[in-house]
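The next block holds one structure in the form of structure tokens; read it before the comments.
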Amino acid sequence: MEPRELFPLASGMSNLAIDVHYYNVLSDIFNNMTIQQNIVFLLTNRTSQLNYITQSNGPLTFVGEWVAEWEVKGASKGDYQRFAKAQLKVYSKATFGWAYWTLKNVNNHWSLEWMIKNGYIKL
């Protein structure tokens, strides 16, 4: 799918934002990646993808529903912190901001409140 396929339709509109969702947990391509490979993918590929749709004369961009969870086995708290920090670095470049998956969730890493209270994410 072409990420900018709706741009011609949006060109005559105002107060518009494109909502993109980037998942490292729900895609099989990440299953065999190491911790560092996941972080490098995020910093290079996700940055490139977000830059591609963020144009000075285009609609605003919004990164929705991201989460600092992944399928990496044996990840330490420090690994999760690095992963979350990398996501914040990339997603903070969206011109309309970002939204974490949810404030509260029974699954710890899906809960922004838990992530903040336990030192996994610093906003």
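Lettering and numbering for the structure tokens are positional, with chains as A, B, ... in the shown order, residues counted from 1 in each chain, and ligands counted from 1 in the shown order.
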Please provide the set of residues having any atom within 9 Å of segment 87-104 of chain A, restricted to only C-alpha atoms, with same-chain residues fewer than 4 positions apart removed, written as a ChimeraX atom specification.
-> /A:17-19,39,42-43,46-47,50-51,54,59-68,82-83,108,110-114,121,123
Which of chain A DSSP labels helix (DSSP H, G or I), written as a ChimeraX atom specification = /A:7-10,28-30,35-53,77-91,108-110,112-117
Kindly give the distance, in Å, that separates atom CA of Pro8 of chain A and atom CA of Asn57 of chain A, rounded to a single decimal.
->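 So the answer is 11.6 Å.
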Which polymer residues have any atom within 10 Å of an atom of Lys122 of chain A, counting only C-alpha atoms, with same-chain residues fewer than 5 positions away left out, as a ChimeraX atom specification?
-> /A:81,84-85,88,115-117
Quick one: write out the picked residues with N, CA and C atoms as a PDB file, in the first residue's frame?
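For reference, again-v7.pdb as written:
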ATOM      1  N   GLN A  81      13.818  -0.106  28.369  1.00  0.00           N
ATOM      2  CA  GLN A  81      14.024   1.347  28.450  1.00  0.00           C
ATOM      3  C   GLN A  81      14.619   1.885  27.156  1.00  0.00           C
ATOM      4  N   ALA A  84      11.864   1.740  24.414  1.00  0.00           N
ATOM      5  CA  ALA A  84      10.876   2.807  24.603  1.00  0.00           C
ATOM      6  C   ALA A  84      11.470   4.169  24.262  1.00  0.00           C
ATOM      7  N   LYS A  85      12.711   4.399  24.669  1.00  0.00           N
ATOM      8  CA  LYS A  85      13.373   5.678  24.376  1.00  0.00           C
ATOM      9  C   LYS A  85      13.532   5.884  22.869  1.00  0.00           C
ATOM     10  N   LEU A  88      10.122   6.802  21.447  1.00  0.00           N
ATOM     11  CA  LEU A  88       9.802   8.198  21.756  1.00  0.00           C
ATOM     12  C   LEU A  88      10.588   9.160  20.868  1.00  0.00           C
ATOM     13  N   MET A 115       4.382   1.747  32.970  1.00  0.00           N
ATOM     14  CA  MET A 115       5.704   2.006  32.384  1.00  0.00           C
ATOM     15  C   MET A 115       6.355   3.235  33.014  1.00  0.00           C
ATOM     16  N   ILE A 116       5.575   4.272  33.257  1.00  0.00           N
ATOM     17  CA  ILE A 116       6.107   5.491  33.876  1.00  0.00           C
ATOM     18  C   ILE A 116       6.436   5.237  35.344  1.00  0.00           C
ATOM     19  N   LYS A 117       5.495   4.672  36.089  1.00  0.00           N
ATOM     20  CA  LYS A 117       5.685   4.438  37.532  1.00  0.00           C
ATOM     21  C   LYS A 117       6.862   3.510  37.830  1.00  0.00           C
TER      22      LYS A 117
END
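Omitting Gly58 of chain A and its sequence neighbours fewer than 6 positions away, and counting only C-alpha atoms, the residues within 9 Å are Phe7, Ala10 and Ser11 of chain A.
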